[in-house]
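Next comes upload12.tsv, with TSV, C-alpha atoms.
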chain	number	residue	atom	x	y	z
A	1074	MET	CA	0.34	8.12	-31.96
A	1075	SER	CA	-3.42	8.50	-32.19
A	1076	GLY	CA	-3.54	6.30	-35.30
A	1077	ARG	CA	-1.59	3.34	-33.94
A	1078	HIS	CA	-1.53	1.28	-30.78
A	1079	ALA	CA	1.05	1.87	-28.08
A	1080	THR	CA	4.14	-0.32	-28.32
A	1081	ALA	CA	5.37	-2.48	-25.44
A	1082	GLY	CA	8.34	-0.15	-25.09
A	1083	GLU	CA	6.14	2.92	-24.80
A	1084	LEU	CA	3.95	1.26	-22.20
A	1085	GLU	CA	6.97	0.29	-20.14
A	1086	LEU	CA	8.57	3.72	-20.40
A	1087	TYR	CA	5.31	5.40	-19.43
A	1088	VAL	CA	4.82	3.46	-16.20
A	1089	LEU	CA	8.48	4.07	-15.41
A	1090	GLY	CA	7.87	7.77	-15.93
A	1091	ALA	CA	10.60	7.78	-18.54
A	1092	LEU	CA	8.61	8.30	-21.75
A	1093	ASP	CA	9.90	11.24	-23.75
A	1094	ALA	CA	8.05	14.39	-22.64
A	1095	GLY	CA	7.11	15.21	-26.23
A	1096	ARG	CA	5.29	11.89	-26.62
A	1097	VAL	CA	3.47	11.75	-23.29
A	1098	HIS	CA	0.48	13.83	-24.29
A	1099	SER	CA	-0.36	11.89	-27.45
A	1100	PHE	CA	0.29	8.60	-25.64
A	1101	GLU	CA	-2.14	9.50	-22.87
A	1102	ALA	CA	-4.74	10.77	-25.33
A	1103	HIS	CA	-4.57	7.51	-27.25
A	1104	CYS	CA	-4.71	5.28	-24.16
A	1105	ALA	CA	-7.67	7.26	-22.82
A	1106	ALA	CA	-9.66	6.49	-25.97
A	1107	CYS	CA	-8.39	3.04	-26.99
A	1108	ASP	CA	-9.68	0.00	-25.09
A	1109	THR	CA	-6.84	-2.22	-26.25
A	1110	CYS	CA	-4.11	0.16	-25.13
A	1111	ALA	CA	-5.94	1.03	-21.90
A	1112	ALA	CA	-6.00	-2.67	-21.03
A	1113	ALA	CA	-2.34	-3.05	-22.00
A	1114	LEU	CA	-1.41	-0.05	-19.86
A	1115	ALA	CA	-3.37	-1.50	-16.95
A	1116	GLY	CA	-1.45	-4.75	-17.36
A	1117	GLU	CA	1.86	-2.91	-17.40
A	1118	ALA	CA	0.88	-0.98	-14.29
A	1119	THR	CA	-0.09	-4.23	-12.53
A	1120	LEU	CA	3.35	-5.57	-13.36
A	1121	GLU	CA	4.93	-2.46	-11.92
A	1122	ILE	CA	3.09	-3.02	-8.63
A	1123	ALA	CA	4.19	-6.66	-8.68
A	1124	PHE	CA	7.82	-5.55	-9.05
A	1125	GLU	CA	7.40	-3.63	-5.81
A	1126	GLN	CA	6.06	-6.77	-4.15
A	1127	VAL	CA	9.12	-8.67	-5.37
A	1128	ALA	CA	11.44	-5.96	-4.02
A	1129	ALA	CA	9.62	-5.92	-0.67
A	1130	ARG	CA	9.77	-9.68	-0.33
A	1131	THR	CA	13.46	-9.73	-1.24
A	1132	ALA	CA	14.16	-7.06	1.37
A	1133	ARG	CA	12.32	-9.13	3.99
A	1134	GLY	CA	14.29	-12.21	2.92
A	1135	VAL	CA	17.57	-10.44	3.75
A	1136	VAL	CA	16.38	-9.95	7.31
A	1137	VAL	CA	14.96	-13.43	7.71
A	1138	ARG	CA	17.96	-15.35	6.42
A	1139	PRO	CA	20.26	-14.80	9.44
A	1140	LEU	CA	17.41	-15.75	11.78
A	1141	ARG	CA	16.91	-18.92	9.85
A	1142	ALA	CA	20.63	-19.69	10.09
A	1143	VAL	CA	20.46	-19.22	13.86
A	1144	ALA	CA	17.42	-21.50	14.03
A	1145	TYR	CA	19.22	-24.22	12.06
A	1146	GLY	CA	22.29	-23.82	14.24
A	1147	ALA	CA	20.23	-24.10	17.42
A	1148	ALA	CA	18.45	-27.14	16.03
A	1149	GLY	CA	21.77	-28.77	15.24
A	1150	VAL	CA	23.09	-28.12	18.75
A	1151	LEU	CA	19.90	-29.50	20.29
A	1152	ALA	CA	20.04	-32.56	18.08
A	1153	MET	CA	23.64	-33.19	19.08
A	1154	ALA	CA	22.78	-32.69	22.75
A	1155	ALA	CA	19.90	-35.14	22.43
A	1156	ALA	CA	22.18	-37.67	20.77
A	1157	VAL	CA	24.80	-37.32	23.52
A	1158	LEU	CA	22.15	-37.73	26.23
A	1159	LEU	CA	20.82	-40.83	24.53
A	1160	TRP	CA	24.32	-42.20	24.19
A	1161	ILE	CA	25.07	-41.58	27.87
A	1162	GLY	CA	21.77	-43.08	28.96
A	1163	ARG	CA	22.26	-46.20	26.88
A	1164	SER	CA	26.00	-46.54	26.93
A	1165	PRO	CA	25.99	-50.27	27.83
A	1166	ALA	CA	23.80	-50.94	24.83
A	1167	MET	CA	25.90	-48.71	22.59
A	1168	ALA	CA	29.00	-50.59	23.64
A	1169	VAL	CA	27.72	-53.80	22.10
A	1170	GLY	CA	25.50	-52.29	19.41
A	1171	ALA	CA	21.94	-51.13	19.37
A	1172	GLY	CA	19.39	-53.83	19.57
A	1173	GLU	CA	21.86	-56.41	20.89
A	1174	PRO	CA	21.22	-58.16	24.24
A	1175	THR	CA	23.12	-56.43	27.05
A	1176	ALA	CA	25.00	-57.89	29.90
A	1177	ALA	CA	21.89	-57.45	32.00
A	1178	GLY	CA	19.99	-59.55	29.54
A	1179	ARG	CA	17.80	-56.76	28.30
A	1180	ARG	CA	17.50	-55.82	24.68
A	1181	ALA	CA	18.45	-52.18	24.18
A	1182	PRO	CA	16.11	-50.29	21.87
A	1183	PRO	CA	17.57	-48.76	18.72
A	1184	MET	CA	18.39	-45.02	18.59
A	1185	ASP	CA	15.28	-42.87	18.81
A	1186	ASP	CA	15.66	-40.80	15.64
A	1187	GLY	CA	12.13	-39.49	16.06
A	1188	ALA	CA	13.04	-37.70	19.30
A	1189	ILE	CA	15.94	-35.98	17.59
A	1190	PHE	CA	13.76	-34.97	14.68
A	1191	ASP	CA	11.08	-33.67	17.06
A	1192	SER	CA	13.56	-31.60	19.03
A	1193	ARG	CA	14.83	-30.07	15.78
A	1194	SER	CA	11.31	-29.30	14.64
A	1195	ASP	CA	10.52	-27.68	17.98
A	1196	ALA	CA	13.59	-25.52	17.73
A	1197	LEU	CA	12.63	-24.47	14.21
A	1198	ASP	CA	9.08	-23.70	15.25
A	1199	GLY	CA	10.36	-21.62	18.12
A	1200	GLY	CA	12.79	-19.76	15.85
B	405	MET	CA	-12.90	22.57	-5.89
B	406	LYS	CA	-12.58	26.31	-5.26
B	407	ALA	CA	-11.24	25.52	-1.80
B	408	PHE	CA	-8.29	23.79	-3.40
B	409	ALA	CA	-7.48	26.59	-5.80
B	410	ASP	CA	-4.47	27.67	-3.78
B	411	ALA	CA	-3.06	24.19	-3.90
B	412	LEU	CA	-3.15	23.92	-7.68
B	413	PRO	CA	0.12	25.72	-8.47
B	414	LEU	CA	2.16	23.44	-6.23
B	415	LEU	CA	0.56	20.42	-7.84
B	416	GLY	CA	1.71	21.56	-11.27
B	417	ALA	CA	4.87	19.54	-10.77
B	418	ALA	CA	2.77	16.40	-10.83
B	419	SER	CA	1.17	17.04	-14.19
B	420	ARG	CA	3.49	14.52	-15.76
B	421	PRO	CA	4.42	11.26	-14.11
B	422	GLY	CA	8.06	11.55	-13.22
B	423	ARG	CA	9.43	8.52	-11.43
B	424	GLY	CA	12.23	8.29	-13.91
B	425	ALA	CA	12.80	12.01	-13.92
B	426	PRO	CA	15.42	13.59	-11.75
B	427	ALA	CA	14.43	14.97	-8.37
B	428	ALA	CA	12.59	18.29	-8.33
B	429	THR	CA	14.70	20.90	-10.03
B	430	HIS	CA	12.30	23.79	-9.73
B	431	ALA	CA	13.00	24.44	-6.10
B	432	ALA	CA	15.62	27.12	-5.87
B	433	ARG	CA	15.34	27.09	-2.08
B	434	ALA	CA	17.05	24.30	-0.26
B	435	ILE	CA	14.46	21.70	0.59
B	436	PRO	CA	15.27	18.57	2.57
B	437	ALA	CA	16.02	15.55	0.40
B	438	ASP	CA	15.11	12.75	2.77
B	439	GLU	CA	11.55	11.55	3.02
B	440	ALA	CA	11.09	12.06	6.77
B	441	SER	CA	12.26	15.70	6.68
B	442	LEU	CA	10.11	16.38	3.63
B	443	CYS	CA	7.05	14.98	5.37
B	444	GLU	CA	7.73	17.03	8.49
B	445	ALA	CA	8.09	20.18	6.39
B	446	ALA	CA	4.88	19.35	4.50
B	447	LEU	CA	3.04	18.88	7.79
B	448	ARG	CA	4.18	22.38	8.73
B	449	GLY	CA	2.57	23.56	5.50
B	450	GLU	CA	5.68	24.27	3.44
B	451	ARG	CA	4.68	24.41	-0.21
B	452	ASP	CA	8.06	23.38	-1.59
B	453	ALA	CA	7.99	20.27	0.54
B	454	TRP	CA	4.54	19.38	-0.77
B	455	SER	CA	5.72	19.97	-4.34
B	456	ALA	CA	8.72	17.71	-3.83
B	457	LEU	CA	6.56	14.98	-2.29
B	458	VAL	CA	4.02	15.18	-5.09
B	459	HIS	CA	6.82	15.10	-7.64
B	460	ARG	CA	8.32	12.08	-5.93
B	461	HIS	CA	5.18	10.00	-5.37
B	462	ASN	CA	2.56	11.02	-7.92
B	463	GLN	CA	3.72	8.49	-10.49
B	464	ARG	CA	3.18	5.68	-7.98
B	465	VAL	CA	-0.35	6.92	-7.26
B	466	VAL	CA	-1.21	7.09	-10.96
B	467	VAL	CA	0.25	3.63	-11.62
B	468	THR	CA	-1.85	2.17	-8.80
B	469	LEU	CA	-5.00	3.61	-10.33
B	470	LEU	CA	-4.01	2.35	-13.77
B	471	ALA	CA	-3.50	-1.11	-12.30
B	472	ARG	CA	-7.04	-0.92	-10.92
B	473	GLY	CA	-8.26	-0.37	-14.46
B	474	VAL	CA	-8.83	3.39	-14.25
B	475	ARG	CA	-8.24	5.15	-17.57
B	476	VAL	CA	-5.11	7.26	-17.71
B	477	ASP	CA	-6.89	10.62	-18.03
B	478	ARG	CA	-9.13	9.82	-15.06
B	479	ALA	CA	-6.22	8.39	-13.11
B	480	LYS	CA	-4.28	11.63	-13.41
B	481	ASP	CA	-7.30	13.70	-12.39
B	482	ILE	CA	-8.02	11.48	-9.40
B	483	ALA	CA	-4.38	11.52	-8.31
B	484	GLN	CA	-4.35	15.31	-8.47
B	485	GLU	CA	-7.54	15.53	-6.44
B	486	ALA	CA	-6.12	13.13	-3.88
B	487	TRP	CA	-3.08	15.38	-3.38
B	488	MET	CA	-5.29	18.44	-3.11
B	489	ARG	CA	-7.35	16.77	-0.43
B	490	LEU	CA	-4.25	15.90	1.54
B	491	VAL	CA	-3.02	19.49	1.32
B	492	GLU	CA	-6.43	20.70	2.40
B	493	GLN	CA	-6.49	18.29	5.34
B	494	GLN	CA	-3.08	19.55	6.41
B	495	ARG	CA	-4.26	23.16	6.22
B	496	GLN	CA	-7.23	22.33	8.38
B	497	GLY	CA	-4.95	20.65	10.91
B	498	ARG	CA	-6.51	17.26	10.29
B	499	LEU	CA	-3.33	15.60	9.10
B	500	GLU	CA	-1.16	14.37	11.95
B	501	ARG	CA	1.07	11.94	10.09
B	502	LEU	CA	2.17	11.75	6.51
B	503	GLN	CA	3.22	8.37	5.22
B	504	LEU	CA	3.70	8.39	1.49
B	505	PRO	CA	2.88	7.16	-1.01
B	506	GLY	CA	0.49	5.01	1.05
B	507	LEU	CA	-1.70	7.86	2.24
B	508	ALA	CA	-2.03	9.39	-1.23
B	509	ILE	CA	-2.77	5.97	-2.72
B	510	ALA	CA	-5.46	5.32	-0.11
B	511	GLN	CA	-7.01	8.71	-0.78
B	512	ALA	CA	-6.90	8.19	-4.56
B	513	THR	CA	-8.34	4.69	-4.26
B	514	PHE	CA	-11.18	6.04	-2.13
B	515	LEU	CA	-11.88	8.76	-4.70
B	516	SER	CA	-11.87	6.29	-7.59
B	517	LEU	CA	-14.29	3.99	-5.76
B	518	GLU	CA	-16.49	6.95	-4.92
B	519	ALA	CA	-16.51	8.01	-8.58
B	520	ALA	CA	-17.34	4.46	-9.69
B	521	ARG	CA	-20.22	4.34	-7.18
B	522	ARG	CA	-21.57	7.66	-8.40
B	523	GLU	CA	-21.34	6.46	-11.98
B	524	ALA	CA	-23.18	3.25	-11.16
B	525	THR	CA	-25.95	5.20	-9.42
B	526	THR	CA	-26.30	7.50	-12.42
B	527	ARG	CA	-26.50	4.53	-14.74
B	528	ARG	CA	-29.34	3.02	-12.74
B	529	HIS	CA	-31.46	6.10	-13.40
B	530	GLU	CA	-30.64	6.27	-17.07
B	531	PRO	CA	-32.66	4.53	-19.79
B	532	ILE	CA	-31.06	1.33	-21.06
B	533	ASP	CA	-28.39	2.33	-23.51
B	534	GLU	CA	-26.92	-0.65	-25.33
B	535	PRO	CA	-23.73	1.06	-26.58
B	536	ALA	CA	-23.04	2.40	-23.07
B	537	ILE	CA	-23.47	-1.08	-21.59
B	538	ALA	CA	-21.14	-2.49	-24.21
B	539	ALA	CA	-18.59	0.21	-23.39
B	540	ALA	CA	-18.91	-0.54	-19.68
B	541	LEU	CA	-18.33	-4.21	-20.34
B	542	ALA	CA	-15.25	-3.36	-22.37
B	543	ASP	CA	-13.88	-1.21	-19.57
B	544	PRO	CA	-10.67	-2.78	-18.35
B	545	ALA	CA	-11.68	-2.01	-14.75
B	546	GLY	CA	-13.81	-5.13	-14.81
B	547	ASP	CA	-10.78	-7.19	-15.64
B	548	ALA	CA	-8.66	-5.88	-12.78
B	549	GLU	CA	-9.11	-9.02	-10.70
B	550	SER	CA	-7.89	-11.32	-13.45
B	551	ARG	CA	-4.72	-9.27	-13.82
B	552	MET	CA	-3.74	-9.76	-10.18
B	553	VAL	CA	-0.35	-11.40	-9.87
B	554	THR	CA	-0.47	-14.55	-7.76
B	555	GLU	CA	1.77	-15.18	-4.77
B	556	GLU	CA	3.34	-18.13	-6.55
B	557	ARG	CA	4.44	-15.95	-9.42
B	558	VAL	CA	5.88	-13.38	-7.05
B	559	ASP	CA	7.79	-16.20	-5.31
B	560	CYS	CA	9.11	-17.34	-8.65
B	561	ALA	CA	10.20	-13.80	-9.50
B	562	VAL	CA	11.94	-13.49	-6.11
B	563	GLU	CA	13.97	-16.60	-6.97
B	564	ILE	CA	14.89	-15.18	-10.35
B	565	LEU	CA	15.95	-11.90	-8.75
B	566	ALA	CA	18.11	-13.84	-6.28
B	567	GLY	CA	19.98	-15.22	-9.29
B	568	CYS	CA	20.82	-11.74	-10.60
B	569	SER	CA	24.10	-9.99	-9.82
B	570	GLY	CA	24.50	-8.13	-6.54
B	571	SER	CA	24.54	-4.72	-8.19
B	572	ALA	CA	21.43	-5.55	-10.24
B	573	ARG	CA	19.61	-6.63	-7.08
B	574	LYS	CA	20.65	-3.46	-5.29
B	575	VAL	CA	19.50	-1.21	-8.15
B	576	PHE	CA	16.19	-3.07	-8.35
B	577	ARG	CA	15.58	-2.86	-4.60
B	578	LEU	CA	16.34	0.84	-4.51
B	579	ALA	CA	14.13	1.56	-7.51
B	580	TYR	CA	11.21	-0.49	-6.23
B	581	GLY	CA	11.85	-0.35	-2.49
B	582	GLY	CA	9.04	2.04	-1.68
B	583	GLU	CA	11.20	5.08	-1.00
B	584	GLY	CA	9.98	6.64	-4.21
B	585	LEU	CA	13.52	7.24	-5.44
B	586	SER	CA	13.88	8.51	-8.97
B	587	HIS	CA	16.25	6.66	-11.25
B	588	ALA	CA	18.66	9.59	-10.93
B	589	GLU	CA	18.63	9.21	-7.14
B	590	VAL	CA	19.21	5.47	-7.46
B	591	ALA	CA	22.14	6.17	-9.80
B	592	GLU	CA	23.60	8.57	-7.26
B	593	ARG	CA	23.31	6.07	-4.43
B	594	VAL	CA	24.95	3.18	-6.29
B	595	GLY	CA	27.53	5.34	-8.07
B	596	LEU	CA	26.45	4.43	-11.59
B	597	SER	CA	25.30	6.55	-14.50
B	598	LEU	CA	21.58	7.12	-15.00
B	599	GLN	CA	21.80	5.33	-18.33
B	600	ARG	CA	23.43	2.28	-16.72
B	601	VAL	CA	20.79	2.18	-13.97
B	602	ARG	CA	17.99	2.22	-16.55
B	603	GLN	CA	19.75	-0.46	-18.55
B	604	ILE	CA	20.06	-2.68	-15.45
B	605	LEU	CA	16.40	-2.09	-14.57
B	606	CYS	CA	15.32	-3.01	-18.11
B	607	GLU	CA	17.33	-6.23	-17.94
B	608	VAL	CA	15.99	-7.23	-14.52
B	609	ARG	CA	12.43	-6.31	-15.46
B	610	ALA	CA	12.67	-8.43	-18.59
B	611	LYS	CA	13.79	-11.42	-16.52
B	612	LEU	CA	11.06	-10.98	-13.92
B	613	ARG	CA	8.34	-10.16	-16.43
B	614	ALA	CA	8.17	-13.72	-17.75
B	615	ALA	CA	7.77	-15.13	-14.24
B	616	LEU	CA	5.14	-12.58	-13.21
B	617	GLU	CA	3.15	-12.97	-16.40
B	618	GLY	CA	3.18	-16.74	-15.96
B	619	GLU	CA	5.16	-17.52	-19.10
B	620	GLU	CA	7.36	-20.56	-19.32
B	621	SER	CA	10.87	-19.57	-18.32
B	622	SER	CA	13.63	-20.82	-20.56

Could you render the structure as structure tokens?
Amino acid sequence: MSGRHATAGELELYVLGALDAGRVHSFEAHCAACDTCAAALAGEATLEIAFEQVAARTARGVVVRPLRAVAYGAAGVLAMAAAVLLWIGRSPAMAVGAGEPTAAGRRAPPMDDGAIFDSRSDALDGG
Amino acid sequence: MKAFADALPLLGAASRPGRGAPAATHAARAIPADEASLCEAALRGERDAWSALVHRHNQRVVVTLLARGVRVDRAKDIAQEAWMRLVEQQRQGRLERLQLPGLAIAQATFLSLEAARREATTRRHEPIDEPAIAAALADPAGDAESRMVTEERVDCAVEILAGCSGSARKVFRLAYGGEGLSHAEVAERVGLSLQRVRQILCEVRAKLRAALEGEESS
């Protein structure tokens, strides 16, 4: 081992703690003296830490997902409620079509999509 | 160091990193297997509990130091000293809670920084030594920052992991979930052979490696 650089497999096995016991001592002796292998081992160790970050984030994702589903559901219900309220409030206009003159001679405004979008955003922010 | 002499035998189990090794086999006495019970027993000063905890978490402490650019021989020494300090703190009644491996990592990180500071101070008082400066520049510790994995890459790796099979995800989460489980313990929990667990981990690691190292994924 002391005459050659560590292989990628050895580096990986070492950080996993799975390198054959008979090879550990010479591996460590080489990496302690060789700049190239010390840097490679540091890189492998950094990767190992990053794997833990990935696992932690995935575990958090499992918890967050149902909450997100509830938030989307609530937003959908709010959006539907807003649409129904708008429809009730403007039913004469809806009967003849948005933007058409009503019997009262007024022009009904088109559906306020922005309000629905805002209510959904609020619900998401709250969730 | 003399004060820690009593602690040395129980730290013998940590002489070789052993994350992949089976759980402590040296303990003939029944010691609790779960982390919380082990920590409670260690806080009461039970040597076997300390040995089991060191055995379980030392690899993680060493890997953290390696990732910071500390050479492997130094990393092992520092990790050992960190454990000895924790044992000493417990004996002096100065350790109220034991959260591992975080506490050991914090202690080891502090020790490595302290050593680096001492080294820097010594260097200031030494005559200019060109080869030593060159060696210091070549020290991978200086490159630690550039090796940091960005959030974007971690996000990318999370997506790749989500595309893996359910059993692969479970094995990966257990192995890297912070409980310090050995591969043998992971195998026991998921009902697979140790060999199969290692094979799954190798496959998942290979997939994630490209994303974390910033290579183009195929």

Task: Selected residue, from B:Arg609, B:Arg527, B:Cys443, B:Ala520, that lies nearest to Leu490 in chain B when counting all atoms listed in the file - done: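 Using all atoms listed in the file, Leu490 in chain B sits closest to B:Cys443.
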
Open item on the list: Would you compute the distance between CA of Gly618 in chain B and CA of Arg557 in chain B? Give it in Å to one decimal.
Closed with: 6.7 Å

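Ranking A:Trp1160, A:Ala1147, A:Ala1152, A:Gly1082 by their shortest atom-to-atom distance to chain B, with all atoms listed in the file included, puts A:Gly1082 first.
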
Task: Two-atom distance - CA of Val474 in chain B, CA of Ser516 in chain B (Å) - done: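 About the pair CA of Val474 in chain B and CA of Ser516 in chain B: they are 7.9 Å apart.
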
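Each of A:Ile1161, A:His1103, A:Ala1094, A:Thr1119 was compared to chain B using all atoms listed in the file, and A:Thr1119 turns out to be the nearest.
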
Near chain B, 10 Å: chain A residue rows, closest pairs, all atoms listed in the file, as a Markdown table:
| residue | atom | partner | partner_atom | distance |
| --- | --- | --- | --- | --- |
| A:Glu1085 | CA | B:Cys606 | CA | 9.2 |
| A:Leu1086 | CA | B:Gly424 | CA | 8.7 |
| A:Tyr1087 | CA | B:Pro421 | CA | 8.0 |
| A:Val1088 | CA | B:Val467 | CA | 6.5 |
| A:Leu1089 | CA | B:Gly424 | CA | 5.8 |
| A:Gly1090 | CA | B:Gly422 | CA | 4.7 |
| A:Ala1091 | CA | B:Gly424 | CA | 4.9 |
| A:Leu1092 | CA | B:Gly424 | CA | 8.6 |
| A:Ala1094 | CA | B:Arg420 | CA | 8.3 |
| A:Val1097 | CA | B:Arg420 | CA | 8.0 |
| A:His1098 | CA | B:Arg420 | CA | 9.1 |
| A:Phe1100 | CA | B:Val476 | CA | 9.7 |
| A:Glu1101 | CA | B:Val476 | CA | 6.4 |
| A:Ala1102 | CA | B:Asp477 | CA | 7.6 |
| A:His1103 | CA | B:Val476 | CA | 9.6 |
| A:Cys1104 | CA | B:Val476 | CA | 6.8 |
| A:Ala1105 | CA | B:Arg475 | CA | 5.7 |
| A:Ala1106 | CA | B:Arg475 | CA | 8.6 |
| A:Cys1107 | CA | B:Arg475 | CA | 9.7 |
| A:Asp1108 | CA | B:Asp543 | CA | 7.0 |
| A:Thr1109 | CA | B:Pro544 | CA | 8.8 |
| A:Cys1110 | CA | B:Pro544 | CA | 9.9 |
| A:Ala1111 | CA | B:Arg475 | CA | 6.4 |
| A:Ala1112 | CA | B:Pro544 | CA | 5.4 |
| A:Ala1113 | CA | B:Pro544 | CA | 9.1 |
| A:Leu1114 | CA | B:Leu470 | CA | 7.0 |
| A:Ala1115 | CA | B:Ala471 | CA | 4.7 |
| A:Gly1116 | CA | B:Ala471 | CA | 6.6 |
| A:Glu1117 | CA | B:Ala471 | CA | 7.6 |
| A:Ala1118 | CA | B:Ala471 | CA | 4.8 |
| A:Thr1119 | CA | B:Ala471 | CA | 4.6 |
| A:Leu1120 | CA | B:Leu616 | CA | 7.2 |
| A:Glu1121 | CA | B:Val467 | CA | 7.7 |
| A:Ile1122 | CA | B:Thr468 | CA | 7.2 |
| A:Ala1123 | CA | B:Val553 | CA | 6.7 |
| A:Phe1124 | CA | B:Tyr580 | CA | 6.7 |
| A:Glu1125 | CA | B:Tyr580 | CA | 5.0 |
| A:Gln1126 | CA | B:Val558 | CA | 7.2 |
| A:Val1127 | CA | B:Val562 | CA | 5.6 |
| A:Ala1128 | CA | B:Arg577 | CA | 5.2 |
| A:Ala1129 | CA | B:Gly581 | CA | 6.3 |
| A:Arg1130 | CA | B:Val562 | CA | 7.3 |
| A:Thr1131 | CA | B:Val562 | CA | 6.3 |
| A:Ala1132 | CA | B:Arg577 | CA | 7.4 |
| A:Gly1134 | CA | B:Val562 | CA | 9.4 |

- [ ] Could you pull out every residue with an atom within 10 Å of (-6.9, 7.5, -3.7), file coordinates, counting all atoms listed in the file, and send them as a PyMOL selection string?
- [x] chain B and resi 465-466+468-469+479+482-487+489+506-518

Task: Å distance separating CA of Lys611 in chain B from CA of Cys568 in chain B, one decimal place - done: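 CA of Cys568 in chain B lies at a distance of 9.2 Å from CA of Lys611 in chain B.
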
Output as JSON the centre and edge lengths (Å, one decimal) of the box along x, y and z of the file that holds every listed atom of range 504-509 of chain B after adding 5 Å on each side.
{"center_x": 0.5, "center_y": 7.2, "center_z": -0.2, "size_x": 16.5, "size_y": 14.4, "size_z": 15.0}

I'd like the contact shell of range 438-442 of chain B - 9 Å cut-off, only C-alpha atoms, skipping same-chain residues fewer than 2 positions apart - returned as a PDB file with C-alpha atoms, in the coordinates of the input.
ATOM      1  CA  ILE B 435      14.460  21.700   0.590  1.00  0.00           C
ATOM      2  CA  PRO B 436      15.270  18.570   2.570  1.00  0.00           C
ATOM      3  CA  GLU B 444       7.730  17.030   8.490  1.00  0.00           C
ATOM      4  CA  ALA B 445       8.090  20.180   6.390  1.00  0.00           C
ATOM      5  CA  ALA B 446       4.880  19.350   4.500  1.00  0.00           C
ATOM      6  CA  LEU B 447       3.040  18.880   7.790  1.00  0.00           C
ATOM      7  CA  ASP B 452       8.060  23.380  -1.590  1.00  0.00           C
ATOM      8  CA  ALA B 453       7.990  20.270   0.540  1.00  0.00           C
ATOM      9  CA  TRP B 454       4.540  19.380  -0.770  1.00  0.00           C
ATOM     10  CA  ALA B 456       8.720  17.710  -3.830  1.00  0.00           C
ATOM     11  CA  LEU B 457       6.560  14.980  -2.290  1.00  0.00           C
ATOM     12  CA  LEU B 502       2.170  11.750   6.510  1.00  0.00           C
ATOM     13  CA  GLN B 503       3.220   8.370   5.220  1.00  0.00           C
ATOM     14  CA  LEU B 504       3.700   8.390   1.490  1.00  0.00           C
ATOM     15  CA  GLU B 583      11.200   5.080  -1.000  1.00  0.00           C
ATOM     16  CA  GLY B 584       9.980   6.640  -4.210  1.00  0.00           C
TER      17      GLY B 584
END

Contact residues around range 596-598 of chain B with all atoms listed in the file at 10 Å, ignoring same-chain residues under 3 positions, as a PDB file with C-alpha atoms, keeping the file's coordinate frame:
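Generated output (selection_28.pdb):
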ATOM      1  CA  GLY B 424      12.230   8.290 -13.910  1.00  0.00           C
ATOM      2  CA  PRO B 426      15.420  13.590 -11.750  1.00  0.00           C
ATOM      3  CA  SER B 571      24.540  -4.720  -8.190  1.00  0.00           C
ATOM      4  CA  VAL B 575      19.500  -1.210  -8.150  1.00  0.00           C
ATOM      5  CA  SER B 586      13.880   8.510  -8.970  1.00  0.00           C
ATOM      6  CA  HIS B 587      16.250   6.660 -11.250  1.00  0.00           C
ATOM      7  CA  ALA B 588      18.660   9.590 -10.930  1.00  0.00           C
ATOM      8  CA  GLU B 589      18.630   9.210  -7.140  1.00  0.00           C
ATOM      9  CA  VAL B 590      19.210   5.470  -7.460  1.00  0.00           C
ATOM     10  CA  ALA B 591      22.140   6.170  -9.800  1.00  0.00           C
ATOM     11  CA  GLU B 592      23.600   8.570  -7.260  1.00  0.00           C
ATOM     12  CA  ARG B 593      23.310   6.070  -4.430  1.00  0.00           C
ATOM     13  CA  VAL B 601      20.790   2.180 -13.970  1.00  0.00           C
ATOM     14  CA  ARG B 602      17.990   2.220 -16.550  1.00  0.00           C
ATOM     15  CA  GLN B 603      19.750  -0.460 -18.550  1.00  0.00           C
ATOM     16  CA  ILE B 604      20.060  -2.680 -15.450  1.00  0.00           C
TER      17      ILE B 604
END
